[in-house]
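A.B. asks: One structure follows; several queries about it will come next.
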Amino acid sequence: MVATTALLLGACTTDHTPPHVKDGRADLDLSVTGQPSSEALALVEKALVRIQRHDEDGLAKLSYDGEDAEKTAEKWVAKWGDAAQRPMTADFAVDPKKYVTVTIRFRGVRGVLPLTLEADTDDDWAYGIVTGKEDDKR
């Protein structure tokens, strides 16, 4: 009886909250156009949550670009952090080789946040944000 109770209590304490709820992606007011892969969409959602939360360090960690990533993350959070509190649209254009171009629009805000995602061509095809390009630093 004691072992059964302990087993039941142990099972009840396991957190089954989906990752997209834990990391804030479920709360984004985001519309998507295009046909992104689930990996590319998840990366953009994570980036937008970090911009929304003014989390420069977390945003920089989503990039492959080292020092450029930190500088760009600081600029993006400063420029788009308040706008990210509004509804957003992510327009995906996929290059079948290794890049995904995403244009982020914030409702009621002029301008767009252009993102380029690059696939890590290892076996997992994980994506990272390219922050070293001049176009992405606007």
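Labels for the structure tokens follow display order: chains A, B, ..., residues from 1 in each chain, ligands from 1.
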Quick one: residues within 12 Å of Asp55 of chain A, only C-alpha atoms, excluding same-chain residues fewer than 3 positions away - as a count of residues only?

C.D. replies: 21

A.B. asks: Among the residues of segment 23-82 of chain A, find those DSSP assigns to helix (DSSP H, G or I) from the backbone and print them as a VMD selection string.

C.D. replies: chain A and resid 25 to 27 38 to 52 56 to 60 67 to 80

A.B. asks: One decimal, Å: what's the distance from atom CA of Ala84 of chain A over to atom CA of Leu115 of chain A, could you say?

C.D. replies: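 Distance between the two atoms: 14.4 Å.
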
A.B. asks: May I have the residues within 8 Å of Gln35 of chain A as a list of chain:residue names, using only C-alpha atoms and disregarding those fewer than 3 positions away in the same chain?

C.D. replies: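 Using only C-alpha atoms, the neighbours found are A:Phe92, A:Ala93, A:Val94.
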
A.B. asks: Those same residues - C-alpha atoms - I'd like them written as an mmCIF file, in the first residue's frame.

C.D. replies:
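The file below, selection_2.cif, is the result:
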```cif
data_model
loop_
_atom_site.group_PDB
_atom_site.id
_atom_site.type_symbol
_atom_site.label_atom_id
_atom_site.label_comp_id
_atom_site.auth_asym_id
_atom_site.auth_seq_id
_atom_site.Cartn_x
_atom_site.Cartn_y
_atom_site.Cartn_z
ATOM 1 C CA PHE A 92 8.074 32.655 -44.320
ATOM 2 C CA ALA A 93 9.885 32.233 -47.639
ATOM 3 C CA VAL A 94 11.857 28.998 -47.788
#
```

A.B. asks: For Ala126 of chain A, which residue out of A:Ser63, A:Thr72, A:Thr89, A:Thr103 is the nearest one, using only C-alpha atoms?

C.D. replies: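 Under the stated criterion, the closest residue is A:Ser63.
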
A.B. asks: May I ask for the distance between atom CA of Val100 of chain A and atom CA of Ala40 of chain A, given in Å to one decimal place?

C.D. replies: 7.7 Å

A.B. asks: Need the shell around Asp91 of chain A: protein/DNA/RNA residues with any atom at most 7 Å away, counting only C-alpha atoms. Skip same-chain ones fewer than 4 positions apart. Format as a VMD selection string?

C.D. replies: chain A and resid 32 to 34 102 to 104

A.B. asks: Would you output that residue set with N, CA and C atoms, as a compact mmCIF listing (two decimals), in the first residue's frame?

C.D. replies:
```txt
# COMPACT_ATOMS: atom_id res chain seq x y z
N VAL A 32 0.90 33.27 -39.09
CA VAL A 32 1.98 32.77 -39.93
C VAL A 32 1.48 32.60 -41.36
N THR A 33 2.30 33.08 -42.31
CA THR A 33 2.04 32.82 -43.72
C THR A 33 3.23 32.06 -44.29
N GLY A 34 3.02 31.35 -45.37
CA GLY A 34 4.08 30.51 -45.93
C GLY A 34 3.96 29.12 -45.35
N VAL A 102 12.40 35.23 -43.15
CA VAL A 102 11.16 35.52 -42.44
C VAL A 102 11.05 37.03 -42.27
N THR A 103 9.89 37.56 -42.61
CA THR A 103 9.63 38.98 -42.41
C THR A 103 8.59 39.09 -41.30
N ILE A 104 8.97 39.77 -40.22
CA ILE A 104 8.09 39.94 -39.07
C ILE A 104 7.47 41.33 -39.13
```

A.B. asks: Counting only C-alpha atoms, which residue out of A:Asp57, A:Ser31, A:Ser37, A:Gln85 sits closest to Tyr127 of chain A?

C.D. replies: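 For Tyr127 of chain A, the nearest of the given residues is A:Ser37.
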